[in-house]
>>> print(open('input_39.cif').read())   # mmCIF, C-alpha atoms and all ligand atoms; chains and numbers go by the auth columns
data_model
loop_
_atom_site.group_PDB
_atom_site.id
_atom_site.type_symbol
_atom_site.label_atom_id
_atom_site.label_comp_id
_atom_site.label_asym_id
_atom_site.label_seq_id
_atom_site.Cartn_x
_atom_site.Cartn_y
_atom_site.Cartn_z
_atom_site.B_iso_or_equiv
_atom_site.auth_seq_id
_atom_site.auth_asym_id
ATOM 1 C CA MET A 1 22.204 39.124 -58.223 0.00 80 X
ATOM 2 C CA THR A 2 20.978 35.898 -59.718 0.00 81 X
ATOM 3 C CA VAL A 3 19.854 32.839 -57.847 0.00 82 X
ATOM 4 C CA SER A 4 19.851 29.529 -59.645 0.00 83 X
ATOM 5 C CA ILE A 5 16.827 27.258 -59.652 0.00 84 X
ATOM 6 C CA GLY A 6 18.896 24.578 -57.904 0.00 85 X
ATOM 7 C CA THR A 7 19.541 26.900 -54.977 0.00 86 X
ATOM 8 C CA LEU A 8 15.845 27.767 -54.718 0.00 87 X
ATOM 9 C CA ILE A 9 14.838 24.116 -54.733 0.00 88 X
ATOM 10 C CA GLY A 10 17.514 23.405 -52.121 0.00 89 X
ATOM 11 C CA PHE A 11 16.126 26.081 -49.807 0.00 90 X
ATOM 12 C CA TYR A 12 12.560 24.927 -50.498 0.00 91 X
ATOM 13 C CA VAL A 13 13.451 21.410 -49.335 0.00 92 X
ATOM 14 C CA MET A 14 15.936 22.202 -46.576 0.00 93 X
ATOM 15 C CA LEU A 15 14.050 24.908 -44.689 0.00 94 X
ATOM 16 C CA PRO A 16 11.023 22.737 -43.760 0.00 95 X
ATOM 17 C CA LEU A 17 13.346 19.853 -42.871 0.00 96 X
ATOM 18 C CA ALA A 18 15.404 22.129 -40.630 0.00 97 X
ATOM 19 C CA GLY A 19 12.172 23.316 -38.982 0.00 98 X
ATOM 20 C CA LEU A 20 11.018 19.755 -38.378 0.00 99 X
ATOM 21 C CA LEU A 21 14.429 18.832 -36.970 0.00 100 X
ATOM 22 C CA GLY A 22 14.227 21.798 -34.611 0.00 101 X
ATOM 23 C CA LEU A 23 10.724 20.854 -33.468 0.00 102 X
ATOM 24 C CA TRP A 24 11.784 17.239 -32.917 0.00 103 X
ATOM 25 C CA LEU A 25 14.844 18.218 -30.871 0.00 104 X
ATOM 26 C CA PHE A 26 12.774 20.660 -28.797 0.00 105 X
ATOM 27 C CA ASP A 27 10.154 17.959 -28.127 0.00 106 X
ATOM 28 C CA GLU A 28 12.834 15.444 -27.069 0.00 107 X
ATOM 29 C CA TRP A 29 14.407 18.023 -24.756 0.00 108 X
ATOM 30 C CA ARG A 30 11.034 18.859 -23.227 0.00 109 X
ATOM 31 C CA ALA A 31 10.130 15.169 -22.751 0.00 110 X
ATOM 32 C CA ARG A 32 13.438 14.475 -20.994 0.00 111 X
ATOM 33 C CA ARG A 33 12.893 17.383 -18.627 0.00 112 X
ATOM 34 C CA LYS A 34 9.456 16.032 -17.707 0.00 113 X
ATOM 35 C CA ARG A 35 10.739 12.527 -16.932 0.00 114 X
ATOM 36 C CA PHE A 36 13.359 13.720 -14.438 0.00 115 X
ATOM 37 C CA VAL A 37 11.770 14.021 -11.017 0.00 116 X
ATOM 38 C CA PRO A 38 14.121 15.028 -8.228 0.00 117 X
ATOM 39 C CA THR A 39 13.185 13.321 -5.021 0.00 118 X
ATOM 40 C CA SER A 40 14.552 12.907 -1.541 0.00 119 X
ATOM 41 C CA ALA A 41 13.207 9.366 -1.243 0.00 120 X
ATOM 42 C CA VAL A 42 15.507 6.385 -0.851 0.00 121 X
ATOM 43 C CA LEU A 43 14.853 2.704 -1.301 0.00 122 X
ATOM 44 C CA ALA A 44 14.573 0.735 1.940 0.00 123 X
ATOM 45 C CA THR A 45 14.404 -3.036 2.302 0.00 124 X
ATOM 46 C CA CYS A 46 12.602 -4.745 5.132 0.00 125 X
ATOM 47 C CA ASP A 47 14.811 -7.263 6.948 0.00 126 X
ATOM 48 C CA ILE A 48 11.852 -9.477 7.842 0.00 127 X
ATOM 49 C CA CYS A 49 9.837 -9.825 4.616 0.00 128 X
ATOM 50 C CA LEU A 50 12.356 -8.330 2.112 0.00 129 X
ATOM 51 C CA HIS A 51 9.711 -5.898 0.882 0.00 130 X
ATOM 52 C CA GLN A 52 11.270 -2.861 -0.807 0.00 131 X
ATOM 53 C CA PHE A 53 9.668 0.537 -0.520 0.00 132 X
ATOM 54 C CA PHE A 54 10.536 4.214 -0.785 0.00 133 X
ATOM 55 C CA CYS A 55 10.886 6.352 2.296 0.00 134 X
ATOM 56 C CA ASP A 56 12.233 9.785 3.096 0.00 135 X
ATOM 57 C CA LYS A 57 16.000 9.819 3.465 0.00 136 X
ATOM 58 C CA ASP A 58 15.836 11.875 6.661 0.00 137 X
ATOM 59 C CA GLU A 59 13.882 9.158 8.479 0.00 138 X
ATOM 60 C CA ARG A 60 16.205 6.750 10.280 0.00 139 X
ATOM 61 C CA LEU A 61 13.565 4.299 11.429 0.00 140 X
ATOM 62 C CA VAL A 62 10.602 3.572 9.158 0.00 141 X
ATOM 63 C CA ARG A 63 7.772 1.080 9.386 0.00 142 X
ATOM 64 C CA CYS A 64 7.435 -1.570 6.666 0.00 143 X
ATOM 65 C CA PRO A 65 4.100 -1.088 4.883 0.00 144 X
ATOM 66 C CA ARG A 66 3.687 -4.847 4.364 0.00 145 X
ATOM 67 C CA CYS A 67 4.536 -6.478 7.690 0.00 146 X
ATOM 68 C CA GLY A 68 4.643 -3.469 10.009 0.00 147 X
ATOM 69 C CA SER A 69 8.095 -4.131 11.449 0.00 148 X
ATOM 70 C CA LEU A 70 10.541 -1.295 12.020 0.00 149 X
ATOM 71 C CA VAL A 71 13.278 -0.970 9.419 0.00 150 X
ATOM 72 C CA ARG A 72 16.523 0.868 10.080 0.00 151 X
ATOM 73 C CA GLN A 73 17.910 2.583 7.014 0.00 152 X
ATOM 74 C CA LYS A 74 21.331 1.560 5.792 0.00 153 X
ATOM 75 C CA GLY A 75 24.253 3.899 6.295 0.00 154 X
ATOM 76 C CA ASP A 76 23.446 5.273 9.742 0.00 155 X
ATOM 77 C CA GLY A 77 26.412 3.529 11.337 0.00 156 X
ATOM 78 C CA VAL A 78 24.683 0.769 13.320 0.00 157 X
HETATM 79 ZN ZN ZN B . 8.374 -6.130 6.052 0.00 1 Q
#
>>> encode(input="input_39.cif", output="structure tokens", more="lines below")
Ligand SMILES: [Zn+2]
Amino acid sequence: MTVSIGTLIGFYVMLPLAGLLGLWLFDEWRARRKRFVPTSAVLATCDICLHQFFCDKDERLVRCPRCGSLVRQKGDGV
């Protein structure tokens, strides 16, 4: 079995590049997994001062952190 010098040079160049490509794809995949944060918080808007803040989606009546008024979450039917 004979291997040409062109094939050897091709492997010598392509193997490190394939390794770097694999490392780059793995790093991108890992970074995307870190950025995704599942949360149960929803965005609520105060009717008085229009301040927007996050609150738990199970709370129907939350207090605005800026003005202190009670805010009813949207979608509860009233
Ligand atoms: Zn407010």
>>> atom_distance(input="input_39.cif", atom1="atom CA of X:Gly101", atom2="atom CA of X:Ile84")
25.8 Å
>>> residues_near_ligand(input="input_39.cif", ligand="ligand ZN 1 (chain Q)", cutoff="9 Å", atoms="all atoms listed in the file", output="PyMOL selection string")
chain X and resi 124-131+142-150
>>> atom_distance(input="input_39.cif", atom1="atom CA of X:Leu96", atom2="atom CA of X:Arg112")
24.4 Å
>>> resolve_selection(input="input_39.cif", expression="the PyMOL selection byres (((chain X and resi 138) around 10) and not hetatm)", output="PyMOL selection string")
chain X and resi 120-121+134-137+139-141+151-152
>>> axis_aligned_box(input="input_39.cif", around="stretch 81-96 of chain X", padding_each_side="5 Å", output="lines of an AutoDock Vina configuration file")
center_x = 16.0
center_y = 27.9
center_z = -51.3
size_x = 20.0
size_y = 26.0
size_z = 26.8
>>> atom_distance(input="input_39.cif", atom1="atom CA of X:Met93", atom2="atom CA of X:Ala110")
25.5 Å
>>> build_atoms(input="input_39.cif", residues="stretch 122-140 of chain X", atoms="N, CA and C atoms", output="PDB file, in the frame of the given file")
ATOM      1  N   LEU X 122      15.430   4.033  -1.302  1.00  0.00           N
ATOM      2  CA  LEU X 122      14.853   2.704  -1.301  1.00  0.00           C
ATOM      3  C   LEU X 122      15.263   1.974  -0.021  1.00  0.00           C
ATOM      4  N   ALA X 123      14.299   1.481   0.709  1.00  0.00           N
ATOM      5  CA  ALA X 123      14.573   0.735   1.940  1.00  0.00           C
ATOM      6  C   ALA X 123      14.078  -0.691   1.755  1.00  0.00           C
ATOM      7  N   THR X 124      14.775  -1.626   2.384  1.00  0.00           N
ATOM      8  CA  THR X 124      14.404  -3.036   2.302  1.00  0.00           C
ATOM      9  C   THR X 124      14.114  -3.550   3.695  1.00  0.00           C
ATOM     10  N   CYS X 125      12.980  -4.170   3.846  1.00  0.00           N
ATOM     11  CA  CYS X 125      12.602  -4.745   5.132  1.00  0.00           C
ATOM     12  C   CYS X 125      13.456  -5.987   5.391  1.00  0.00           C
ATOM     13  N   ASP X 126      13.983  -6.104   6.608  1.00  0.00           N
ATOM     14  CA  ASP X 126      14.811  -7.263   6.948  1.00  0.00           C
ATOM     15  C   ASP X 126      13.969  -8.511   7.193  1.00  0.00           C
ATOM     16  N   ILE X 127      12.709  -8.347   7.513  1.00  0.00           N
ATOM     17  CA  ILE X 127      11.852  -9.477   7.842  1.00  0.00           C
ATOM     18  C   ILE X 127      11.238 -10.092   6.574  1.00  0.00           C
ATOM     19  N   CYS X 128      10.556  -9.276   5.773  1.00  0.00           N
ATOM     20  CA  CYS X 128       9.837  -9.825   4.616  1.00  0.00           C
ATOM     21  C   CYS X 128      10.485  -9.468   3.287  1.00  0.00           C
ATOM     22  N   LEU X 129      11.604  -8.735   3.310  1.00  0.00           N
ATOM     23  CA  LEU X 129      12.356  -8.330   2.112  1.00  0.00           C
ATOM     24  C   LEU X 129      11.540  -7.456   1.171  1.00  0.00           C
ATOM     25  N   HIS X 130      10.496  -6.822   1.684  1.00  0.00           N
ATOM     26  CA  HIS X 130       9.711  -5.898   0.882  1.00  0.00           C
ATOM     27  C   HIS X 130      10.517  -4.618   0.700  1.00  0.00           C
ATOM     28  N   GLN X 131      10.544  -4.098  -0.533  1.00  0.00           N
ATOM     29  CA  GLN X 131      11.270  -2.861  -0.807  1.00  0.00           C
ATOM     30  C   GLN X 131      10.276  -1.737  -1.015  1.00  0.00           C
ATOM     31  N   PHE X 132      10.575  -0.604  -0.427  1.00  0.00           N
ATOM     32  CA  PHE X 132       9.668   0.537  -0.520  1.00  0.00           C
ATOM     33  C   PHE X 132      10.492   1.812  -0.414  1.00  0.00           C
ATOM     34  N   PHE X 133       9.874   2.915  -0.842  1.00  0.00           N
ATOM     35  CA  PHE X 133      10.536   4.214  -0.785  1.00  0.00           C
ATOM     36  C   PHE X 133      10.151   4.918   0.508  1.00  0.00           C
ATOM     37  N   CYS X 134      11.146   5.553   1.111  1.00  0.00           N
ATOM     38  CA  CYS X 134      10.886   6.352   2.296  1.00  0.00           C
ATOM     39  C   CYS X 134      11.768   7.584   2.242  1.00  0.00           C
ATOM     40  N   ASP X 135      11.464   8.545   3.080  1.00  0.00           N
ATOM     41  CA  ASP X 135      12.233   9.785   3.096  1.00  0.00           C
ATOM     42  C   ASP X 135      13.624   9.513   3.646  1.00  0.00           C
ATOM     43  N   LYS X 136      14.632  10.142   3.061  1.00  0.00           N
ATOM     44  CA  LYS X 136      16.000   9.819   3.465  1.00  0.00           C
ATOM     45  C   LYS X 136      16.358  10.396   4.836  1.00  0.00           C
ATOM     46  N   ASP X 137      15.562  11.315   5.342  1.00  0.00           N
ATOM     47  CA  ASP X 137      15.836  11.875   6.661  1.00  0.00           C
ATOM     48  C   ASP X 137      15.297  10.992   7.786  1.00  0.00           C
ATOM     49  N   GLU X 138      14.416  10.053   7.459  1.00  0.00           N
ATOM     50  CA  GLU X 138      13.882   9.158   8.479  1.00  0.00           C
ATOM     51  C   GLU X 138      14.865   8.018   8.731  1.00  0.00           C
ATOM     52  N   ARG X 139      15.253   7.824   9.985  1.00  0.00           N
ATOM     53  CA  ARG X 139      16.205   6.750  10.280  1.00  0.00           C
ATOM     54  C   ARG X 139      15.492   5.431  10.552  1.00  0.00           C
ATOM     55  N   LEU X 140      14.311   5.502  11.087  1.00  0.00           N
ATOM     56  CA  LEU X 140      13.565   4.299  11.429  1.00  0.00           C
ATOM     57  C   LEU X 140      12.181   4.402  10.800  1.00  0.00           C
TER      58      LEU X 140
END
